[in-house]
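So this one's coords_13.csv, CSV, C-alpha atoms:
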```csv
chain,number,residue,atom,x,y,z
A,1,MET,CA,-74.4,-23.3,192.2
A,2,LYS,CA,-71.0,-21.7,191.7
A,3,LEU,CA,-70.4,-21.3,195.4
A,4,THR,CA,-71.4,-25.0,196.0
A,5,TRP,CA,-69.0,-26.1,193.3
A,6,ALA,CA,-66.1,-23.9,194.8
A,7,ARG,CA,-66.7,-25.4,198.2
A,8,ALA,CA,-66.7,-29.0,196.9
A,9,VAL,CA,-63.5,-28.5,194.8
A,10,CYS,CA,-61.5,-26.5,197.4
A,11,SER,CA,-62.3,-29.0,200.2
A,12,HIS,CA,-60.4,-31.7,198.3
A,13,PRO,CA,-57.2,-32.6,200.1
A,14,ALA,CA,-55.2,-31.8,197.0
A,15,LEU,CA,-56.2,-28.2,197.3
A,16,SER,CA,-56.7,-27.7,201.0
A,17,GLY,CA,-53.7,-29.7,202.1
A,18,VAL,CA,-55.7,-31.6,204.8
A,19,SER,CA,-58.0,-34.5,204.7
A,20,ARG,CA,-61.7,-34.0,205.0
A,21,ALA,CA,-61.7,-35.6,208.5
A,22,HIS,CA,-58.9,-33.2,209.6
A,23,PHE,CA,-60.8,-30.3,208.2
A,24,GLY,CA,-63.9,-31.2,210.2
A,25,GLU,CA,-61.7,-31.3,213.4
A,26,LEU,CA,-60.3,-27.9,212.6
A,27,PHE,CA,-63.8,-26.5,212.0
A,28,ALA,CA,-65.0,-27.8,215.3
A,29,GLU,CA,-61.9,-26.5,217.1
A,30,LEU,CA,-61.8,-23.0,215.7
A,31,ALA,CA,-65.4,-22.1,215.0
A,32,ARG,CA,-66.1,-21.0,218.6
A,33,PRO,CA,-62.9,-18.8,219.0
A,34,TRP,CA,-63.6,-17.2,215.6
A,35,GLU,CA,-67.1,-16.3,216.6
A,36,ALA,CA,-65.9,-14.9,219.9
A,37,ALA,CA,-63.3,-12.8,218.2
A,38,ARG,CA,-65.9,-11.6,215.7
A,39,GLN,CA,-68.4,-10.6,218.4
A,40,SER,CA,-65.7,-8.8,220.3
A,41,ALA,CA,-64.7,-6.8,217.2
A,42,LEU,CA,-68.3,-5.9,216.5
A,43,ARG,CA,-68.8,-4.8,220.1
A,44,ALA,CA,-65.7,-2.6,219.9
A,45,ALA,CA,-67.0,-1.1,216.6
A,46,ARG,CA,-70.4,-0.4,218.1
A,47,GLY,CA,-69.0,1.0,221.3
A,48,GLY,CA,-71.2,-1.2,223.4
A,49,PRO,CA,-73.6,-4.2,223.4
A,50,ARG,CA,-75.8,-4.9,220.4
A,51,ARG,CA,-79.1,-3.1,220.1
A,52,ARG,CA,-80.8,-5.3,217.5
A,53,ALA,CA,-82.1,-8.8,217.9
A,54,GLU,CA,-79.8,-11.8,217.4
A,55,GLY,CA,-79.5,-12.6,213.6
A,56,ALA,CA,-80.5,-9.2,212.4
A,57,GLY,CA,-78.3,-7.0,210.3
A,58,ARG,CA,-76.0,-7.7,207.3
A,59,LYS,CA,-74.9,-11.3,206.9
A,60,PRO,CA,-71.3,-12.1,206.3
A,61,LYS,CA,-70.5,-12.9,202.6
A,62,LEU,CA,-68.4,-15.9,203.7
A,63,VAL,CA,-69.4,-18.1,206.6
A,64,PHE,CA,-66.7,-19.6,208.8
A,65,PHE,CA,-66.6,-22.9,206.9
A,66,GLU,CA,-65.7,-21.0,203.7
A,67,ARG,CA,-63.3,-18.7,205.5
A,68,LEU,CA,-61.4,-21.6,206.9
A,69,LEU,CA,-61.4,-23.3,203.5
A,70,VAL,CA,-60.1,-20.2,201.7
A,71,THR,CA,-57.3,-19.8,204.3
A,72,LEU,CA,-56.2,-23.4,203.9
A,73,VAL,CA,-56.1,-23.3,200.1
A,74,HIS,CA,-54.1,-20.0,200.3
A,75,LEU,CA,-51.6,-21.6,202.8
A,76,ARG,CA,-51.3,-24.7,200.7
A,77,HIS,CA,-50.7,-23.2,197.2
A,78,GLN,CA,-50.2,-19.5,197.9
A,79,LEU,CA,-53.0,-18.6,195.4
A,80,PRO,CA,-53.6,-14.9,195.0
A,81,HIS,CA,-56.5,-13.5,196.9
A,82,ALA,CA,-58.1,-12.3,193.6
A,83,VAL,CA,-58.2,-15.9,192.3
A,84,LEU,CA,-59.9,-17.2,195.5
A,85,ALA,CA,-62.3,-14.2,195.3
A,86,GLU,CA,-63.3,-15.2,191.8
A,87,LEU,CA,-63.9,-18.8,192.9
A,88,PHE,CA,-66.2,-17.8,195.7
A,89,ALA,CA,-67.8,-14.9,193.9
A,90,VAL,CA,-66.8,-12.3,196.5
A,91,ASP,CA,-64.7,-9.2,196.5
A,92,ARG,CA,-60.9,-9.6,197.0
A,93,SER,CA,-61.0,-7.6,200.3
A,94,THR,CA,-63.4,-10.3,201.7
A,95,VAL,CA,-60.9,-13.0,201.0
A,96,SER,CA,-58.1,-10.9,202.5
A,97,GLU,CA,-60.2,-10.3,205.6
A,98,ALA,CA,-61.0,-14.0,206.0
A,99,ILE,CA,-57.3,-15.0,205.8
A,100,ARG,CA,-56.4,-12.3,208.4
A,101,GLU,CA,-59.0,-13.6,210.8
A,102,VAL,CA,-58.3,-17.4,210.5
A,103,ARG,CA,-54.5,-17.5,210.1
A,104,PRO,CA,-53.8,-16.3,213.7
A,105,LEU,CA,-56.2,-18.9,215.0
A,106,LEU,CA,-54.3,-21.6,213.1
A,107,ALA,CA,-50.9,-20.2,214.3
A,108,ALA,CA,-52.0,-20.2,217.9
A,109,ARG,CA,-52.9,-23.9,218.0
A,110,GLY,CA,-49.4,-25.2,218.8
A,111,PHE,CA,-48.0,-28.6,217.8
A,112,ALA,CA,-49.6,-32.0,218.2
A,113,VAL,CA,-47.8,-34.5,220.5
A,114,PRO,CA,-47.5,-38.2,219.3
A,115,ASP,CA,-49.7,-40.6,221.3
A,116,ARG,CA,-51.1,-37.7,223.5
A,117,ALA,CA,-54.4,-36.6,222.0
A,118,GLY,CA,-55.4,-33.1,223.1
A,119,LEU,CA,-51.9,-32.1,224.3
A,120,ARG,CA,-50.1,-29.5,222.3
A,121,LEU,CA,-46.7,-27.9,222.6
A,122,LYS,CA,-46.3,-24.1,222.0
A,123,THR,CA,-42.9,-23.1,223.4
A,124,LEU,CA,-39.4,-24.3,223.7
A,125,GLU,CA,-40.0,-25.0,227.4
A,126,ASP,CA,-42.9,-27.3,226.5
A,127,VAL,CA,-40.7,-29.3,224.1
A,128,PHE,CA,-37.9,-29.8,226.7
A,129,ALA,CA,-40.4,-30.7,229.4
A,130,TYR,CA,-42.0,-33.3,227.1
A,131,ALA,CA,-38.7,-34.7,226.0
A,132,GLU,CA,-37.6,-35.1,229.7
A,133,ALA,CA,-40.9,-36.7,230.7
A,134,GLU,CA,-41.0,-39.1,227.8
A,135,GLY,CA,-37.3,-39.8,227.4
A,136,VAL,CA,-37.3,-38.5,223.8
A,137,GLU,CA,-34.0,-37.7,222.1
A,138,LEU,CA,-34.5,-34.5,220.2
A,139,ARG,CA,-33.4,-33.7,216.6
A,140,MET,CA,-32.8,-30.1,215.7
A,141,ASP,CA,-32.1,-28.5,212.3
A,142,GLY,CA,-32.4,-25.1,210.7
A,143,ALA,CA,-34.1,-24.2,207.4
A,144,GLU,CA,-34.3,-21.1,205.2
A,145,THR,CA,-37.1,-19.8,203.1
A,146,GLN,CA,-36.6,-17.3,200.3
A,147,VAL,CA,-38.5,-14.0,200.8
A,148,ARG,CA,-39.0,-10.8,198.9
A,149,ARG,CA,-36.1,-8.5,198.8
A,150,PRO,CA,-36.5,-5.5,201.1
A,151,GLN,CA,-36.8,-2.0,199.5
A,152,ALA,CA,-33.5,-0.2,198.8
A,153,GLY,CA,-32.4,2.0,201.7
A,154,ARG,CA,-34.6,0.2,204.2
A,155,PRO,CA,-32.8,-0.2,207.6
A,156,GLY,CA,-31.8,-3.8,208.4
A,157,ARG,CA,-31.8,-4.8,204.7
A,158,ARG,CA,-28.6,-6.8,204.9
A,159,ALA,CA,-29.9,-8.8,207.8
A,160,PHE,CA,-32.0,-11.0,205.4
A,161,VAL,CA,-29.1,-11.8,203.0
A,162,SER,CA,-28.1,-15.4,203.7
A,163,GLY,CA,-24.4,-16.1,203.6
A,164,LYS,CA,-25.2,-19.7,202.6
A,165,ARG,CA,-27.8,-19.2,199.9
A,166,ARG,CA,-26.8,-15.7,198.7
A,167,GLN,CA,-30.5,-14.8,198.8
A,168,ASN,CA,-32.9,-12.9,201.0
A,169,THR,CA,-34.2,-15.5,203.4
A,170,ILE,CA,-35.9,-16.0,206.7
A,171,LYS,CA,-34.5,-18.8,209.0
A,172,THR,CA,-36.4,-21.1,211.2
A,173,THR,CA,-35.5,-24.1,213.5
A,174,THR,CA,-37.4,-27.4,213.6
A,175,PHE,CA,-37.4,-29.9,216.5
A,176,SER,CA,-38.5,-33.5,215.9
A,177,ASP,CA,-38.3,-36.8,217.7
A,178,GLY,CA,-36.4,-39.8,216.5
A,179,GLN,CA,-39.1,-40.7,214.0
A,180,GLY,CA,-39.3,-37.3,212.3
A,181,ARG,CA,-42.5,-36.3,214.0
A,182,MET,CA,-42.6,-32.5,214.4
A,183,LEU,CA,-42.6,-31.2,218.0
A,184,LEU,CA,-41.9,-27.5,217.3
A,185,SER,CA,-40.9,-25.3,214.4
A,186,GLY,CA,-40.2,-21.6,215.0
A,187,ALA,CA,-37.4,-19.3,216.2
A,188,VAL,CA,-38.0,-17.1,213.2
A,189,ARG,CA,-34.9,-15.0,212.5
A,190,PRO,CA,-33.5,-13.1,209.5
A,191,GLY,CA,-31.5,-15.3,207.1
A,192,ARG,CA,-28.1,-13.8,207.9
A,193,MET,CA,-28.2,-15.0,211.5
A,194,HIS,CA,-26.4,-18.3,212.3
A,195,ASP,CA,-28.5,-21.3,213.2
A,196,GLN,CA,-26.9,-21.6,216.6
A,197,THR,CA,-27.3,-17.9,217.4
A,198,ALA,CA,-31.0,-18.1,216.5
A,199,LEU,CA,-31.5,-20.9,219.1
A,200,ARG,CA,-29.4,-19.2,221.7
A,201,THR,CA,-31.6,-16.1,221.5
A,202,GLU,CA,-34.5,-18.4,222.2
A,203,GLY,CA,-32.8,-19.5,225.4
A,204,ILE,CA,-31.9,-23.1,224.5
A,205,ALA,CA,-28.8,-23.1,226.6
A,206,GLU,CA,-30.8,-22.4,229.7
A,207,GLN,CA,-33.1,-25.3,228.8
A,208,PHE,CA,-30.2,-27.7,228.6
A,209,ARG,CA,-28.9,-26.5,231.9
A,210,THR,CA,-32.2,-26.8,233.7
A,211,ARG,CA,-33.0,-30.2,232.1
A,212,PRO,CA,-29.8,-32.2,232.1
A,213,MET,CA,-31.5,-35.4,231.1
A,214,VAL,CA,-32.6,-34.1,227.7
A,215,LYS,CA,-30.4,-35.1,224.8
A,216,ALA,CA,-30.3,-33.9,221.2
A,217,ARG,CA,-28.6,-34.7,217.9
A,218,VAL,CA,-27.6,-31.9,215.7
A,219,ASP,CA,-25.5,-31.1,212.6
A,220,SER,CA,-22.1,-29.4,212.4
A,221,GLY,CA,-23.8,-25.9,212.6
A,222,TYR,CA,-24.3,-26.5,216.3
A,223,GLN,CA,-20.7,-27.4,217.3
A,224,GLY,CA,-20.7,-24.7,219.9
A,225,LEU,CA,-23.7,-26.3,221.7
A,226,ALA,CA,-22.1,-29.7,221.5
A,227,LYS,CA,-18.9,-28.3,223.0
A,228,GLU,CA,-20.8,-26.5,225.8
A,229,PHE,CA,-23.0,-29.6,226.6
A,230,PRO,CA,-21.0,-32.6,225.6
A,231,ASP,CA,-23.1,-35.1,227.5
A,232,GLN,CA,-26.4,-33.8,226.0
A,233,VAL,CA,-25.7,-32.6,222.5
A,234,SER,CA,-24.3,-34.9,219.9
A,235,ALA,CA,-22.7,-33.3,216.8
A,236,PRO,CA,-20.6,-34.8,214.0
A,237,PRO,CA,-16.9,-35.2,214.8
A,238,LYS,CA,-14.4,-32.7,213.4
A,239,LYS,CA,-12.6,-33.8,210.2
A,240,PRO,CA,-9.1,-35.1,210.9
A,241,ALA,CA,-6.0,-33.4,209.5
A,242,ASP,CA,-4.8,-34.3,206.0
A,243,GLU,CA,-1.7,-36.0,207.5
A,244,ALA,CA,-3.8,-38.3,209.7
A,245,CYS,CA,-3.6,-42.0,209.1
A,246,ASP,CA,-6.2,-43.9,207.0
A,247,GLY,CA,-7.6,-45.5,210.2
A,248,ASP,CA,-8.5,-42.1,211.7
A,249,LYS,CA,-10.1,-40.9,208.4
A,250,TYR,CA,-12.2,-44.1,208.1
A,251,ALA,CA,-13.3,-43.8,211.8
A,252,TRP,CA,-14.3,-40.2,211.1
A,253,GLN,CA,-16.3,-41.1,208.0
A,254,GLU,CA,-18.1,-43.9,209.9
A,255,ALA,CA,-18.9,-41.7,212.9
A,256,ARG,CA,-20.2,-39.0,210.5
A,257,ARG,CA,-22.3,-41.5,208.6
A,258,ARG,CA,-23.9,-42.8,211.8
A,259,GLN,CA,-24.6,-39.3,213.1
A,260,SER,CA,-26.2,-38.4,209.7
A,261,SER,CA,-28.3,-41.5,209.7
A,262,ALA,CA,-29.6,-40.8,213.2
A,263,ARG,CA,-30.6,-37.2,212.5
A,264,ILE,CA,-31.8,-37.5,208.9
A,265,CYS,CA,-35.4,-37.7,210.2
A,266,VAL,CA,-35.4,-34.0,211.0
A,267,GLU,CA,-34.4,-33.3,207.4
A,268,HIS,CA,-37.5,-35.3,206.3
A,269,THR,CA,-39.6,-33.1,208.7
A,270,ASN,CA,-38.4,-30.0,207.0
A,271,ALA,CA,-39.2,-31.6,203.7
A,272,GLU,CA,-42.8,-32.0,204.8
A,273,LEU,CA,-43.0,-28.2,205.4
A,274,ARG,CA,-41.6,-27.6,201.9
A,275,GLN,CA,-44.7,-29.3,200.4
A,276,TRP,CA,-46.6,-26.1,201.3
A,277,ALA,CA,-45.9,-23.3,198.7
A,278,PRO,CA,-45.3,-20.4,201.1
A,279,LEU,CA,-42.5,-22.2,202.8
A,280,ARG,CA,-40.7,-22.9,199.5
A,281,ARG,CA,-40.7,-19.2,198.5
A,282,PHE,CA,-42.7,-16.7,200.5
A,283,THR,CA,-44.2,-13.9,198.3
A,284,GLY,CA,-46.2,-12.1,201.0
A,285,ARG,CA,-45.2,-9.4,203.5
A,286,ARG,CA,-42.2,-10.5,205.6
A,287,ASP,CA,-43.9,-9.4,208.8
A,288,THR,CA,-46.6,-12.1,208.3
A,289,TYR,CA,-44.1,-14.9,207.7
A,290,ALA,CA,-43.9,-16.0,211.3
A,291,GLU,CA,-47.6,-16.4,211.6
A,292,THR,CA,-47.8,-18.2,208.3
A,293,HIS,CA,-45.0,-20.6,209.3
A,294,LEU,CA,-46.7,-21.4,212.6
A,295,ALA,CA,-50.0,-22.0,211.0
A,296,ILE,CA,-48.6,-24.4,208.4
A,297,ALA,CA,-46.3,-26.2,210.9
A,298,GLY,CA,-49.2,-26.8,213.2
A,299,LEU,CA,-51.1,-28.5,210.4
A,300,VAL,CA,-48.1,-30.6,209.5
A,301,SER,CA,-47.6,-31.7,213.1
A,302,ASP,CA,-51.2,-32.9,213.2
A,303,ARG,CA,-50.5,-35.3,210.4
A,304,SER,CA,-47.1,-36.4,211.7
A,305,ALA,CA,-48.4,-37.1,215.2
A,306,GLN,CA,-50.7,-39.7,213.8
A,307,ARG,CA,-47.8,-41.9,212.7
A,308,ALA,CA,-47.5,-44.9,215.0
A,309,THR,CA,-44.6,-45.1,217.4
A,310,ARG,CA,-42.0,-47.6,216.3
A,311,ARG,CA,-40.8,-49.5,219.3
A,312,GLN,CA,-37.2,-50.7,219.3
A,313,ALA,CA,-36.6,-54.3,220.2
A,314,SER,CA,-34.6,-54.8,223.4
A,315,THR,CA,-31.2,-56.5,223.0
A,316,GLU,CA,-30.9,-57.3,226.7
A,317,LEU,CA,-30.1,-61.0,227.4
A,318,VAL,CA,-32.7,-62.9,229.3
A,319,LEU,CA,-32.2,-66.3,230.9
A,320,VAL,CA,-34.5,-68.9,229.4
A,321,ARG,CA,-34.2,-71.3,232.3
A,322,ASP,CA,-32.8,-71.3,235.8
A,323,ALA,CA,-29.0,-72.0,235.8
A,324,ALA,CA,-29.4,-74.3,238.8
A,325,CYS,CA,-31.6,-76.7,236.8
```

Let me see whether you can do it: turn the structure in this file into structure tokens.
Amino acid sequence: MKLTWARAVCSHPALSGVSRAHFGELFAELARPWEAARQSALRAARGGPRRRAEGAGRKPKLVFFERLLVTLVHLRHQLPHAVLAELFAVDRSTVSEAIREVRPLLAARGFAVPDRAGLRLKTLEDVFAYAEAEGVELRMDGAETQVRRPQAGRPGRRAFVSGKRRQNTIKTTTFSDGQGRMLLSGAVRPGRMHDQTALRTEGIAEQFRTRPMVKARVDSGYQGLAKEFPDQVSAPPKKPADEACDGDKYAWQEARRRQSSARICVEHTNAELRQWAPLRRFTGRRDTYAETHLAIAGLVSDRSAQRATRRQASTELVLVRDAAC
């Protein structure tokens, strides 16, 4: 009875972070890859094919349904493994094993594409190819997540100290379309690295060169990209000098306001990620953050891709009747 109660409670969207319909889709999508990975691990442990009949031997304490459920609840609220183990009446190591098995499957799913069921984006090249084919103007923005402070004396410790937040952070970059629907979130780098440097290490300059039709709106942290690709990357204008006339200052304020209004949607996309506890303050091992971030971002993209596309009305003048009449 206790296990049935735990399954019913944890499957609620308030705990799992996904609707029950979405959970069913995830279960159908990941059950086969999980079973294949499990059989491969068992074969490697045995050193060859199985010798007993199918179904014989020790049964897993948590079936895949429960393993997926445990992983989603942990990703949503960052509950300790011991708490989840108590809910499902298993040992703590069983919960840890379940999360280690399911989290990579969620991270490898990629990002859902609006109005393109079954198509998923996984790399920066995929995003630029999609933007070029669909005529999408990209929005880019960086975000930082606080992480545990590295041990004293550990090499590279200063790399995680953010100059902006004065904390130990990990930095990521999010791409969205003009409606704030997530297309990609990644480029995981230590918090001390600049937003623009993190993207350049991912090869974004080469993508702009090979796809000159793709355009993007960015904030002032990407002024270098805007200067290198003025016809493709739009950044806020530089502030005029103090001795500039009032007209120039007003024009700068208006241009900055319009730029911020056009790219605020990617800020909302980052805010959706912050609804998941690990991306507000990550308390796990830093070497698992990238996998955790990709797993959560993929789930968020599934929900954002379902939002209907808003079509902008055309302002082109059309003749109502023939001028010769």

Nearest residue to Glu137 (chain A) from the set A:Pro212, A:Pro150, A:Gly178, A:Gly118 (distances using all atoms listed in the file) |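 With all atoms listed in the file as the atom set, the closest residue is A:Gly178.
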
Can you tell me how far CA of Ala271 (chain A) sits from CA of Gln179 (chain A), in Å to one decimal?
->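 According to the coordinates, CA of Ala271 (chain A) and CA of Gln179 (chain A) are separated by 13.7 Å.
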
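For the atom pair formed by CA of Lys238 (chain A) and CA of Gln253 (chain A), the distance is 10.2 Å, given to one decimal.
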
Lys171 (chain A): which residues within 10 Å, counting only C-alpha atoms, same-chain residues fewer than 4 positions away excluded, as a ChimeraX atom specification?
-> /A:142-146,160,162,186-195,198

Which distance in Å separates CA of Gln78 (chain A) and CA of Thr169 (chain A), to one decimal?
-> 17.4 Å

Can you pull out every residue within 8 Å of Ala255 (chain A), counting all atoms listed in the file, but drop anything in the same chain fewer than 4 positions away, and send it as a ChimeraX atom specification?
-> /A:236-237,251,259

Would you kindly return, as a tab-separated table (two decimals) with C-alpha atoms, keeping the file's coordinate frame, each protein, DNA or RNA residue with an atom no farther than 9 Å from any atom of Glu101 (chain A), considering only C-alpha atoms and excluding same-chain residues fewer than 2 positions away?
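Okay, out_36.tsv is ready:
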```tsv
chain	number	residue	atom	x	y	z
A	34	TRP	CA	-63.60	-17.20	215.60
A	37	ALA	CA	-63.30	-12.80	218.20
A	38	ARG	CA	-65.90	-11.60	215.70
A	67	ARG	CA	-63.30	-18.70	205.50
A	96	SER	CA	-58.10	-10.90	202.50
A	97	GLU	CA	-60.20	-10.30	205.60
A	98	ALA	CA	-61.00	-14.00	206.00
A	99	ILE	CA	-57.30	-15.00	205.80
A	103	ARG	CA	-54.50	-17.50	210.10
A	104	PRO	CA	-53.80	-16.30	213.70
A	105	LEU	CA	-56.20	-18.90	215.00
```

Select, counting all atoms listed in the file, all protein, DNA and RNA residues no farther than 12 Å from (-60.8, -29.5, 213.1) in file coordinates, and express the selection as a ChimeraX atom specification.
-> /A:18-32,65,68-69,72,105-106,109,118,298-299,302

All residues 12 Å or closer to Lys227 (chain A), all atoms listed in the file, same chain fewer than 5 positions away omitted, as a list in words = Ala205, Val218, Ser220, Gly221, Tyr222, Gln232, Val233, Ser234, Ala235, Pro236, Pro237 and Lys238 of chain A

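Checking A:Gln223, A:Gln306, A:Gln151, A:Thr269 one by one against Met182 (chain A), counting only C-alpha atoms, you find the shortest gap at A:Thr269.
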
Fewer than 6 positions away in the same chain doesn't count, so skip those; otherwise give me all residues within 10 Å of His77 (chain A), counting all atoms listed in the file, as an mmCIF file with C-alpha atoms, in the frame of the given file.
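Once everything was written out, this is part19.cif:
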```cif
data_model
loop_
_atom_site.group_PDB
_atom_site.id
_atom_site.type_symbol
_atom_site.label_atom_id
_atom_site.label_comp_id
_atom_site.auth_asym_id
_atom_site.auth_seq_id
_atom_site.Cartn_x
_atom_site.Cartn_y
_atom_site.Cartn_z
ATOM 1 C CA ALA A 14 -55.200 -31.800 197.000
ATOM 2 C CA LEU A 15 -56.200 -28.200 197.300
ATOM 3 C CA SER A 16 -56.700 -27.700 201.000
ATOM 4 C CA GLY A 17 -53.700 -29.700 202.100
ATOM 5 C CA GLN A 275 -44.700 -29.300 200.400
ATOM 6 C CA TRP A 276 -46.600 -26.100 201.300
ATOM 7 C CA ALA A 277 -45.900 -23.300 198.700
ATOM 8 C CA PRO A 278 -45.300 -20.400 201.100
ATOM 9 C CA LEU A 279 -42.500 -22.200 202.800
#
```

Hey, could you patch up region 276-291 of chain A with N, CA and C atoms and hand it over as a CSV table (one decimal), in the coordinates of the input?
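Listing of part_38.csv after writing:
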```csv
chain,number,residue,atom,x,y,z
A,276,TRP,N,-45.7,-27.2,201.3
A,276,TRP,CA,-46.6,-26.1,201.3
A,276,TRP,C,-45.9,-24.9,200.6
A,277,ALA,N,-46.5,-24.3,199.6
A,277,ALA,CA,-45.9,-23.3,198.7
A,277,ALA,C,-45.3,-22.1,199.5
A,278,PRO,N,-45.9,-21.5,200.5
A,278,PRO,CA,-45.3,-20.4,201.1
A,278,PRO,C,-44.0,-20.7,201.8
A,279,LEU,N,-43.7,-21.9,202.2
A,279,LEU,CA,-42.5,-22.2,202.8
A,279,LEU,C,-41.4,-22.7,201.8
A,280,ARG,N,-41.7,-22.7,200.6
A,280,ARG,CA,-40.7,-22.9,199.5
A,280,ARG,C,-40.2,-21.5,199.1
A,281,ARG,N,-41.1,-20.6,198.8
A,281,ARG,CA,-40.7,-19.2,198.5
A,281,ARG,C,-41.9,-18.3,198.9
A,282,PHE,N,-41.6,-17.5,199.9
A,282,PHE,CA,-42.7,-16.7,200.5
A,282,PHE,C,-42.8,-15.4,199.7
A,283,THR,N,-44.0,-15.1,199.1
A,283,THR,CA,-44.2,-13.9,198.3
A,283,THR,C,-45.0,-12.8,199.1
A,284,GLY,N,-45.4,-13.1,200.3
A,284,GLY,CA,-46.2,-12.1,201.0
A,284,GLY,C,-45.3,-11.1,201.8
A,285,ARG,N,-45.9,-10.4,202.6
A,285,ARG,CA,-45.2,-9.4,203.5
A,285,ARG,C,-44.4,-10.2,204.5
A,286,ARG,N,-43.1,-9.7,204.7
A,286,ARG,CA,-42.2,-10.5,205.6
A,286,ARG,C,-42.7,-10.4,207.0
A,287,ASP,N,-43.5,-9.4,207.4
A,287,ASP,CA,-43.9,-9.4,208.8
A,287,ASP,C,-45.0,-10.4,209.1
A,288,THR,N,-45.6,-11.0,208.1
A,288,THR,CA,-46.6,-12.1,208.3
A,288,THR,C,-46.0,-13.5,208.1
A,289,TYR,N,-44.7,-13.6,207.9
A,289,TYR,CA,-44.1,-14.9,207.7
A,289,TYR,C,-44.2,-15.8,208.9
A,290,ALA,N,-43.9,-15.2,210.1
A,290,ALA,CA,-43.9,-16.0,211.3
A,290,ALA,C,-45.2,-16.6,211.6
A,291,GLU,N,-46.3,-15.8,211.4
A,291,GLU,CA,-47.6,-16.4,211.6
A,291,GLU,C,-48.0,-17.4,210.6
```
